[in-house]
file final.tsv (TSV, C-alpha atoms)
chain	number	residue	atom	x	y	z
A	1108	MET	CA	77.92	141.18	110.83
A	1109	LEU	CA	78.24	138.12	113.06
A	1110	TYR	CA	75.25	136.02	114.03
A	1111	LYS	CA	74.28	132.50	115.10
A	1112	ARG	CA	71.85	130.23	113.35
A	1113	PRO	CA	69.27	128.37	115.46
A	1114	ASN	CA	70.71	124.92	114.73
A	1115	SER	CA	74.40	125.85	114.74
A	1116	GLN	CA	76.84	126.41	117.57
A	1117	PHE	CA	79.24	128.32	115.30
A	1118	TRP	CA	79.27	132.00	114.50
A	1119	TRP	CA	78.32	132.98	110.95
A	1120	CYS	CA	79.46	136.10	109.14
A	1121	SER	CA	77.53	138.08	106.55
A	1122	PHE	CA	78.62	141.21	104.72
A	1123	ILE	CA	78.53	143.01	101.36
A	1124	ALA	CA	81.95	142.90	99.69
A	1125	ALA	CA	83.55	145.76	97.78
A	1126	ASP	CA	82.29	144.35	94.48
A	1127	GLY	CA	78.70	144.27	95.75
A	1128	GLN	CA	78.62	140.49	96.32
A	1129	ARG	CA	77.11	139.21	99.54
A	1130	ILE	CA	79.42	136.89	101.48
A	1131	GLN	CA	77.74	134.51	103.91
A	1132	LYS	CA	79.81	131.83	105.56
A	1133	SER	CA	80.21	129.80	108.74
A	1134	THR	CA	83.32	130.75	110.71
A	1135	LYS	CA	83.46	127.23	112.22
A	1136	THR	CA	84.26	128.63	115.66
A	1137	VAL	CA	82.29	129.31	118.83
A	1138	ASP	CA	84.77	132.03	119.83
A	1139	ARG	CA	83.35	135.40	118.82
A	1140	ARG	CA	86.77	137.02	118.73
A	1141	LEU	CA	88.13	134.44	116.29
A	1142	ALA	CA	84.97	134.72	114.24
A	1143	GLN	CA	85.46	138.47	113.95
A	1144	GLU	CA	89.05	137.95	112.82
A	1145	LEU	CA	87.87	135.59	110.10
A	1146	GLU	CA	85.26	138.06	108.87
A	1147	ASP	CA	87.85	140.85	108.76
A	1148	ARG	CA	90.21	138.61	106.76
A	1149	LEU	CA	87.45	137.74	104.31
A	1150	ARG	CA	86.67	141.42	103.82
A	1151	VAL	CA	90.35	142.14	103.05
A	1152	GLU	CA	90.55	139.22	100.59
A	1153	ARG	CA	87.49	140.47	98.70
A	1154	TRP	CA	88.91	144.00	98.66
A	1155	LYS	CA	92.16	142.73	97.11
A	1156	VAL	CA	90.16	140.96	94.43
A	1157	VAL	CA	88.42	144.20	93.47
A	1158	GLN	CA	91.38	146.58	93.83
A	1159	PHE	CA	94.27	144.45	92.56
A	1160	GLY	CA	92.53	141.85	90.41
A	1161	GLU	CA	93.61	138.91	92.57
A	1162	LYS	CA	91.81	135.66	91.91
A	1163	PRO	CA	88.88	135.19	94.28
A	1164	ARG	CA	88.74	132.10	96.45
A	1165	ARG	CA	86.12	129.77	95.09
A	1166	THR	CA	83.87	127.52	97.15
A	1167	TRP	CA	83.02	123.87	96.66
A	1168	LYS	CA	79.39	124.85	96.01
A	1169	GLU	CA	80.42	127.20	93.21
A	1170	ALA	CA	82.52	124.47	91.62
A	1171	ALA	CA	79.81	121.81	91.94
A	1172	VAL	CA	77.14	124.07	90.41
A	1173	ARG	CA	79.37	125.07	87.49
A	1174	TRP	CA	80.42	121.48	86.83
A	1175	LEU	CA	76.80	120.30	86.75
A	1176	LYS	CA	75.90	123.08	84.30
A	1177	GLU	CA	78.80	122.27	81.99
A	1178	THR	CA	78.37	118.49	82.11
A	1179	SER	CA	75.30	117.49	80.13
A	1180	ARG	CA	75.78	113.74	80.20
A	1181	LYS	CA	73.28	111.51	81.96
A	1182	SER	CA	75.92	110.52	84.50
A	1183	THR	CA	75.25	113.85	86.22
A	1184	GLU	CA	71.84	112.56	87.35
A	1185	ASP	CA	73.57	110.27	89.84
A	1186	ALA	CA	76.16	112.94	90.61
A	1187	VAL	CA	73.49	115.35	91.88
A	1188	GLY	CA	72.55	112.94	94.66
A	1189	ARG	CA	76.20	112.42	95.58
A	1190	ILE	CA	76.87	116.17	95.68
A	1191	ARG	CA	73.91	116.60	98.02
A	1192	TRP	CA	75.30	113.86	100.27
A	1193	LEU	CA	78.65	115.68	100.34
A	1194	ASP	CA	77.14	119.03	101.35
A	1195	PRO	CA	77.59	118.60	105.15
A	1196	TYR	CA	81.30	117.89	104.59
A	1197	LEU	CA	82.21	120.26	101.73
A	1198	GLY	CA	79.32	122.71	101.40
A	1199	SER	CA	80.88	125.45	103.55
A	1200	LEU	CA	84.48	125.01	102.35
A	1201	TYR	CA	86.63	126.84	99.88
A	1202	LEU	CA	88.28	124.61	97.30
A	1203	ASP	CA	91.73	125.26	98.78
A	1204	GLU	CA	90.48	124.06	102.17
A	1205	ILE	CA	89.71	120.54	100.93
A	1206	ASN	CA	92.59	118.32	102.05
A	1207	ARG	CA	93.53	114.73	102.73
A	1208	GLU	CA	92.05	114.74	106.24
A	1209	ILE	CA	88.64	115.87	105.01
A	1210	LEU	CA	88.64	113.31	102.19
A	1211	ASP	CA	89.47	110.54	104.65
A	1212	LYS	CA	86.55	111.60	106.86
A	1213	ILE	CA	84.22	111.44	103.86
A	1214	THR	CA	85.50	107.98	102.95
A	1215	GLU	CA	85.04	106.72	106.51
A	1216	ALA	CA	81.55	108.20	106.83
A	1217	LYS	CA	80.38	106.58	103.59
A	1218	MET	CA	81.87	103.22	104.51
A	1219	ASN	CA	80.05	103.37	107.85
A	1220	GLU	CA	76.79	103.22	105.89
A	1221	GLY	CA	77.70	99.63	105.01
A	1222	VAL	CA	78.02	100.23	101.28
A	1223	ALA	CA	80.42	98.46	98.93
A	1224	PRO	CA	83.86	99.96	98.19
A	1225	SER	CA	82.74	100.62	94.62
A	1226	THR	CA	79.91	102.82	95.92
A	1227	VAL	CA	82.42	104.81	97.97
A	1228	ASN	CA	84.60	105.18	94.88
A	1229	HIS	CA	81.68	106.57	92.86
A	1230	LEU	CA	81.34	109.30	95.49
A	1231	LEU	CA	85.07	110.02	95.56
A	1232	GLU	CA	85.19	110.14	91.76
A	1233	VAL	CA	82.75	113.07	91.76
A	1234	ILE	CA	85.06	114.96	94.12
A	1235	ARG	CA	88.13	114.11	92.03
A	1236	VAL	CA	86.56	115.19	88.74
A	1237	ILE	CA	85.29	118.51	90.10
A	1238	LEU	CA	88.59	119.37	91.80
A	1239	ASN	CA	90.67	118.44	88.74
A	1240	THR	CA	88.36	120.47	86.51
A	1241	ALA	CA	88.78	123.45	88.83
A	1242	VAL	CA	92.56	123.11	88.41
A	1243	LYS	CA	92.96	122.30	84.74
A	1244	HIS	CA	90.05	124.04	83.03
A	1245	TRP	CA	88.89	126.90	85.27
A	1246	GLU	CA	92.22	127.67	86.99
A	1247	TRP	CA	90.37	128.37	90.22
A	1248	ILE	CA	93.03	126.62	92.33
A	1249	GLY	CA	96.67	125.78	91.74
A	1250	ARG	CA	96.51	122.14	92.75
A	1251	ALA	CA	94.06	119.53	93.94
A	1252	PRO	CA	94.61	116.97	96.69
A	1253	HIS	CA	95.07	113.36	95.67
A	1254	VAL	CA	91.77	111.49	95.98
A	1255	ARG	CA	92.66	107.99	97.09
A	1256	MET	CA	90.29	105.30	95.82
A	1257	LEU	CA	89.45	102.11	97.69
A	1258	LYS	CA	90.56	98.78	96.30
A	1259	THR	CA	87.70	96.81	94.80
A	1260	PRO	CA	87.67	93.10	93.95
A	1261	ARG	CA	87.72	92.35	90.25
A	1262	LYS	CA	84.54	90.65	89.16
A	1263	ARG	CA	84.30	88.14	86.38
A	1264	ILE	CA	82.56	89.15	83.19
A	1265	ARG	CA	78.96	87.89	83.31
A	1266	TRP	CA	77.62	86.74	79.96
A	1267	LEU	CA	75.08	84.27	78.57
A	1268	THR	CA	75.54	81.32	76.28
A	1269	ARG	CA	73.30	81.28	73.22
A	1270	GLU	CA	71.18	78.57	74.85
A	1271	GLU	CA	70.73	80.68	77.99
A	1272	ALA	CA	69.84	83.74	75.92
A	1273	SER	CA	67.20	81.76	74.02
A	1274	SER	CA	65.74	80.56	77.29
A	1275	VAL	CA	65.38	84.10	78.65
A	1276	LEU	CA	63.81	85.30	75.38
A	1277	ASN	CA	61.13	82.62	75.64
A	1278	TYR	CA	59.85	84.11	78.89
A	1279	LEU	CA	59.87	87.78	77.85
A	1280	PRO	CA	56.90	89.76	76.48
A	1281	GLU	CA	57.20	90.61	72.80
A	1282	HIS	CA	58.41	94.21	73.17
A	1283	LEU	CA	61.25	93.19	75.54
A	1284	GLN	CA	62.13	90.26	73.29
A	1285	VAL	CA	62.72	92.69	70.45
A	1286	MET	CA	64.79	95.02	72.61
A	1287	MET	CA	66.89	92.18	74.05
A	1288	ARG	CA	67.59	90.77	70.58
A	1289	PHE	CA	68.50	94.25	69.35
A	1290	SER	CA	70.88	94.69	72.30
A	1291	LEU	CA	72.56	91.37	71.54
A	1292	ALA	CA	72.87	92.37	67.87
A	1293	THR	CA	74.37	95.82	68.47
A	1294	GLY	CA	75.92	95.84	71.98
A	1295	LEU	CA	74.24	99.16	72.76
A	1296	ARG	CA	73.73	100.20	76.37
A	1297	GLU	CA	70.19	100.18	77.79
A	1298	SER	CA	69.80	103.98	77.65
A	1299	ASN	CA	70.93	104.01	74.01
A	1300	VAL	CA	68.39	101.33	73.08
A	1301	THR	CA	65.46	102.87	74.94
A	1302	GLY	CA	66.37	106.36	73.68
A	1303	LEU	CA	66.98	105.37	70.07
A	1304	GLN	CA	64.98	107.55	67.69
A	1305	TRP	CA	64.16	107.06	64.02
A	1306	SER	CA	66.15	110.21	63.27
A	1307	GLN	CA	69.24	108.27	64.38
A	1308	VAL	CA	68.65	105.33	62.02
A	1309	ASP	CA	69.29	104.82	58.30
A	1310	LEU	CA	67.94	101.41	57.33
A	1311	GLU	CA	69.06	101.72	53.71
A	1312	ARG	CA	72.67	102.24	54.71
A	1313	ARG	CA	72.21	99.85	57.65
A	1314	VAL	CA	73.66	102.25	60.20
A	1315	ALA	CA	72.58	104.03	63.37
A	1316	TRP	CA	74.39	106.56	65.50
A	1317	VAL	CA	74.57	107.62	69.12
A	1318	HIS	CA	75.06	111.33	69.72
A	1319	ALA	CA	77.93	112.57	71.89
A	1320	ASP	CA	75.61	113.64	74.71
A	1321	GLN	CA	74.08	110.14	74.73
A	1322	SER	CA	77.31	108.15	74.99
A	1323	LYS	CA	79.20	107.32	78.15
A	1324	SER	CA	82.51	108.32	76.58
A	1325	GLY	CA	81.15	111.70	75.48
A	1326	ARG	CA	81.98	110.91	71.85
A	1327	PRO	CA	79.53	110.18	68.98
A	1328	ILE	CA	79.34	106.50	68.05
A	1329	GLY	CA	78.51	105.01	64.67
A	1330	VAL	CA	76.60	101.72	64.95
A	1331	PRO	CA	76.67	99.29	62.02
A	1332	LEU	CA	73.41	97.34	61.88
A	1333	ASN	CA	73.67	93.65	61.02
A	1334	LYS	CA	70.84	91.75	59.35
A	1335	GLU	CA	69.27	90.83	62.69
A	1336	ALA	CA	69.18	94.47	63.83
A	1337	VAL	CA	67.73	95.67	60.51
A	1338	VAL	CA	64.95	93.07	60.58
A	1339	LEU	CA	64.06	94.00	64.16
A	1340	LEU	CA	63.88	97.72	63.38
A	1341	ARG	CA	61.77	97.15	60.27
A	1342	GLY	CA	59.34	95.25	62.46
A	1343	GLU	CA	58.99	98.31	64.70
A	1344	PHE	CA	58.73	100.85	61.88
A	1345	GLY	CA	55.46	102.81	61.90
A	1346	LYS	CA	54.52	102.09	65.52
A	1347	ASP	CA	55.77	105.49	66.71
A	1348	SER	CA	56.88	108.59	64.84
A	1349	LYS	CA	59.77	109.35	67.19
A	1350	TYR	CA	61.07	106.37	69.17
A	1351	CYS	CA	62.10	103.02	67.72
A	1352	PHE	CA	60.92	100.88	70.63
A	1353	THR	CA	57.49	101.28	72.18
A	1354	TYR	CA	54.90	99.32	74.14
A	1355	LYS	CA	51.20	99.88	73.55
A	1356	GLY	CA	51.91	103.18	71.88
A	1357	ARG	CA	54.17	104.50	74.65
A	1358	HIS	CA	57.93	105.00	74.70
A	1359	VAL	CA	59.76	102.28	76.66
A	1360	ALA	CA	62.01	104.19	79.07
A	1361	LYS	CA	63.38	101.21	81.01
A	1362	CYS	CA	64.13	97.55	80.32
A	1363	ASN	CA	64.99	96.39	83.85
A	1364	THR	CA	61.35	95.79	84.71
A	1365	LYS	CA	59.40	93.19	86.65
A	1366	ALA	CA	58.84	91.26	83.40
A	1367	TRP	CA	62.61	91.15	82.79
A	1368	ARG	CA	63.35	89.94	86.32
A	1369	HIS	CA	60.65	87.28	86.16
A	1370	ALA	CA	62.04	86.02	82.84
A	1371	LEU	CA	65.48	85.57	84.42
A	1372	ILE	CA	63.97	83.63	87.33
A	1373	ASN	CA	61.92	81.39	85.05
A	1374	ALA	CA	65.00	80.73	82.88
A	1375	GLY	CA	67.09	79.89	85.94
A	1376	ILE	CA	69.53	82.76	85.29
A	1377	THR	CA	71.06	84.39	88.38
A	1378	ASP	CA	73.43	87.32	88.93
A	1379	PHE	CA	72.57	88.94	85.62
A	1380	ARG	CA	71.63	92.53	84.70
A	1381	TRP	CA	70.36	94.06	81.47
A	1382	HIS	CA	73.77	95.74	81.07
A	1383	ASP	CA	75.31	92.24	80.98
A	1384	LEU	CA	73.74	91.83	77.54
A	1385	ARG	CA	76.48	94.20	76.38
A	1386	HIS	CA	79.06	91.90	77.97
A	1387	THR	CA	77.36	88.98	76.23
A	1388	TRP	CA	77.52	90.75	72.85
A	1389	ALA	CA	81.23	91.50	73.33
A	1390	SER	CA	81.97	87.95	74.52
A	1391	TRP	CA	80.26	86.44	71.49
A	1392	HIS	CA	82.25	88.74	69.21
A	1393	VAL	CA	85.56	87.73	70.76
A	1394	GLN	CA	84.69	84.05	70.63
A	1395	ASN	CA	83.83	84.48	66.97
A	1396	GLY	CA	87.25	85.98	66.18
A	1397	THR	CA	86.56	89.72	66.11
A	1398	PRO	CA	89.90	91.54	66.68
A	1399	MET	CA	90.19	93.62	69.85
A	1400	HIS	CA	90.71	96.93	68.05
A	1401	VAL	CA	87.62	96.31	65.93
A	1402	LEU	CA	85.54	95.42	68.98
A	1403	GLN	CA	86.72	98.62	70.68
A	1404	GLU	CA	85.41	100.68	67.77
A	1405	LEU	CA	82.16	98.72	67.53
A	1406	GLY	CA	81.47	99.18	71.23
A	1407	GLY	CA	82.49	102.82	71.39
A	1408	TRP	CA	85.04	102.26	74.16
A	1409	SER	CA	87.60	105.03	74.58
A	1410	ASP	CA	90.09	102.79	76.42
A	1411	ILE	CA	91.45	99.52	75.00
A	1412	ARG	CA	91.69	98.19	78.57
A	1413	MET	CA	87.90	97.97	78.65
A	1414	VAL	CA	88.03	95.60	75.69
A	1415	GLN	CA	90.90	93.50	77.01
A	1416	ARG	CA	88.55	92.20	79.71
A	1417	TYR	CA	87.20	89.82	77.06
A	1418	ALA	CA	90.54	88.66	75.65
A	1419	HIS	CA	90.66	85.49	77.78
A	1420	LEU	CA	87.55	84.19	76.00
A	1421	ALA	CA	89.44	83.67	72.74
A	1422	PRO	CA	92.97	82.33	73.38
A	1423	GLU	CA	93.05	80.42	70.08
A	1424	HIS	CA	95.52	82.87	68.54
A	1425	LEU	CA	98.06	81.75	71.17
A	1426	ALA	CA	97.86	78.08	70.13
A	1427	PRO	CA	100.75	78.22	67.60
A	1428	TYR	CA	103.03	79.63	70.28
A	1429	ALA	CA	101.97	76.95	72.75
A	1430	ASP	CA	102.72	74.26	70.12
A	1431	ARG	CA	106.31	75.50	69.78
A	1432	LEU	CA	107.10	73.78	73.07
A	1433	CYS	CA	106.35	70.43	71.46
A	1434	ALA	CA	109.08	71.08	68.89
A	1435	LEU	CA	111.66	70.95	71.69
A	1436	GLY	CA	110.73	67.37	72.46
A	1437	THR	CA	110.61	68.06	76.17
A	1438	VAL	CA	107.03	66.93	76.62
A	1439	THR	CA	106.53	63.91	74.39
A	1440	THR	CA	110.02	62.44	74.04
A	1441	PHE	CA	110.78	61.45	77.63
A	1442	PRO	CA	108.62	59.42	79.99
A	1443	ALA	CA	107.98	61.09	83.32
A	1444	THR	CA	110.10	58.57	85.31
A	1445	GLN	CA	113.07	59.00	82.98
A	1446	GLY	CA	112.94	62.74	83.51
A	1447	ILE	CA	112.99	62.25	87.29
A	1448	ARG	CA	116.02	59.90	87.18
A	1449	HIS	CA	117.86	62.34	84.95
A	1450	LYS	CA	117.19	65.16	87.40
A	1451	LYS	CA	118.43	63.07	90.33
A	1452	SER	CA	121.66	62.10	88.57
A	1453	SER	CA	122.42	65.73	87.86
A	1454	TYR	CA	122.32	66.44	91.57
A	1455	LEU	CA	124.92	63.70	92.12
A	1456	GLY	CA	127.24	65.33	89.63
A	1457	ALA	CA	126.77	62.60	86.98
call {"tool": "encode", "arguments": {"input": "final.tsv", "output": "structure tokens"}}
result
Amino acid sequence: MLYKRPNSQFWWCSFIAADGQRIQKSTKTVDRRLAQELEDRLRVERWKVVQFGEKPRRTWKEAAVRWLKETSRKSTEDAVGRIRWLDPYLGSLYLDEINREILDKITEAKMNEGVAPSTVNHLLEVIRVILNTAVKHWEWIGRAPHVRMLKTPRKRIRWLTREEASSVLNYLPEHLQVMMRFSLATGLRESNVTGLQWSQVDLERRVAWVHADQSKSGRPIGVPLNKEAVVLLRGEFGKDSKYCFTYKGRHVAKCNTKAWRHALINAGITDFRWHDLRHTWASWHVQNGTPMHVLQELGGWSDIRMVQRYAHLAPEHLAPYADRLCALGTVTTFPATQGIRHKKSSYLGA
């Protein structure tokens, strides 16, 4: 059956396929004859699926819904909003209809909102992950189009000196002081600190752990607790039966609050987020001589490249190699003017 929706100029088709499934789809044409041809083709495709076992064509909506169901990580909370934004562009398409031209239109439309390239890339990453999953894991399509990301400027790592950290702590209320100090002692992300439960802590063994569904990498993380972290947790013990960090008997769900922002202003700290406490923790480790592979394990990073961002903060291990140049006598033996005269004479063939 062909029909038109009140707010659409295109013809829509609706029919019950041979397997009993209702098919409802925009034909994307105002020509009734072409719309009828499309409906007839869809009927034949569904019949082949039932009679000959051919793989059915899957839609973007089917893929998005399945991916959200199978992905339990908290990152999907942001992905839901992005998938909704994509609905006008991909919602009526089959997976094999998504091509380079459509992806470019999506990129252009998002950039026209005046957002940063990184925001556009977050949107494109959702498309890329879902399409690649449909290829590699579900085998719904044979190949996925290349999703071209925008170039983004590399930002410097933002971290605090110990003096700056002390200044911020002085302006924080007690419960946020404890949580900030714990973050600096462990390097845990905000969600892992606020969500930390006593069932994830063993103070006798001085360890804590982050479950796989709580970590960004999707892998469980063991967290060694140093003396500072143990003392902080012991100070919170008994305040709540479930969560480690509370405020007036209630679970603290977020650290980036008005009190946190006011503390930064009063301490004169700009361009700093709560997540940068993790950068601060990693920077202090590197400056204190912690090897990169050890830091990677401590921080739960799955890619060593994430850790190498901090390597420039501790170049001391390169000093012996830099000193080898002095052994050649090229720096200290000759005055600068003598070196210039020697260079000039060589040009004259002396």
call {"tool": "atom_distance", "arguments": {"input": "final.tsv", "atom1": "CA of Thr1226 (chain A)", "atom2": "CA of Val1414 (chain A)"}}
result
23.0 Å
call {"tool": "closest_residue", "arguments": {"input": "final.tsv", "among": "A:Ile1328, A:His1358, A:Leu1231, A:Pro1163", "to": "Lys1346 (chain A)", "atoms": "all atoms listed in the file"}}
result
A:His1358
call {"tool": "atom_distance", "arguments": {"input": "final.tsv", "atom1": "CA of Glu1204 (chain A)", "atom2": "CA of Thr1259 (chain A)"}}
result
28.4 Å
call {"tool": "closest_residue", "arguments": {"input": "final.tsv", "among": "A:Ala1315, A:Leu1295, A:Ile1372, A:Ala1125", "to": "Trp1408 (chain A)", "atoms": "only C-alpha atoms"}}
result
A:Leu1295
call {"tool": "residues_around", "arguments": {"input": "final.tsv", "residues": "region 1139-1153 of chain A", "least_positions_apart": "3", "cutoff": "7 Å", "atoms": "all atoms listed in the file", "output": "ChimeraX atom specification"}}
result
/A:1118,1120,1124-1125,1134,1136,1156-1157
call {"tool": "residues_near_point", "arguments": {"input": "final.tsv", "point": "(84.8, 125.6, 101.7)", "cutoff": "9 Å", "atoms": "all atoms listed in the file", "output": "list in words"}}
result
Lys1132, Arg1165, Thr1166, Trp1167, Lys1168, Tyr1196, Leu1197, Gly1198, Ser1199, Leu1200, Tyr1201, Leu1202, Asp1203, Glu1204 and Ile1205 of chain A
call {"tool": "closest_residue", "arguments": {"input": "final.tsv", "among": "A:Ile1130, A:Gln1307, A:Gln1284, A:Ala1418", "to": "Asn1395 (chain A)", "atoms": "all atoms listed in the file"}}
result
A:Ala1418
call {"tool": "closest_residue", "arguments": {"input": "final.tsv", "among": "A:Glu1246, A:Asp1194, A:Asp1126, A:Glu1281", "to": "Phe1352 (chain A)", "atoms": "only C-alpha atoms"}}
result
A:Glu1281
call {"tool": "residues_around", "arguments": {"input": "final.tsv", "residues": "Thr1387 (chain A)", "least_positions_apart": "2", "cutoff": "12 Å", "atoms": "all atoms listed in the file", "output": "PyMOL selection string"}}
result
chain A and resi 1264-1269+1271-1272+1287-1288+1290-1296+1379-1385+1389-1394+1417+1420
call {"tool": "atom_distance", "arguments": {"input": "final.tsv", "atom1": "CA of Met1286 (chain A)", "atom2": "CA of Arg1326 (chain A)"}}
result
23.4 Å
call {"tool": "closest_residue", "arguments": {"input": "final.tsv", "among": "A:Val1172, A:Val1275, A:Asn1373, A:Ala1251", "to": "Asn1206 (chain A)", "atoms": "all atoms listed in the file"}}
result
A:Ala1251
call {"tool": "residues_around", "arguments": {"input": "final.tsv", "residues": "His1318 (chain A)", "least_positions_apart": "2", "cutoff": "12 Å", "atoms": "all atoms listed in the file", "output": "list in words"}}
result
Arg1180, Asn1299, Gly1302, Leu1303, Gln1304, Ser1306, Gln1307, Val1308, Ala1315, Trp1316, Asp1320, Gln1321, Ser1322, Lys1323, Ser1324, Gly1325, Arg1326, Pro1327, Ile1328, Gly1329, Val1330 and Gly1407 of chain A
call {"tool": "closest_residue", "arguments": {"input": "final.tsv", "among": "A:Pro1398, A:Thr1301, A:Thr1178, A:Ser1121", "to": "Ala1360 (chain A)", "atoms": "all atoms listed in the file"}}
result
A:Thr1301
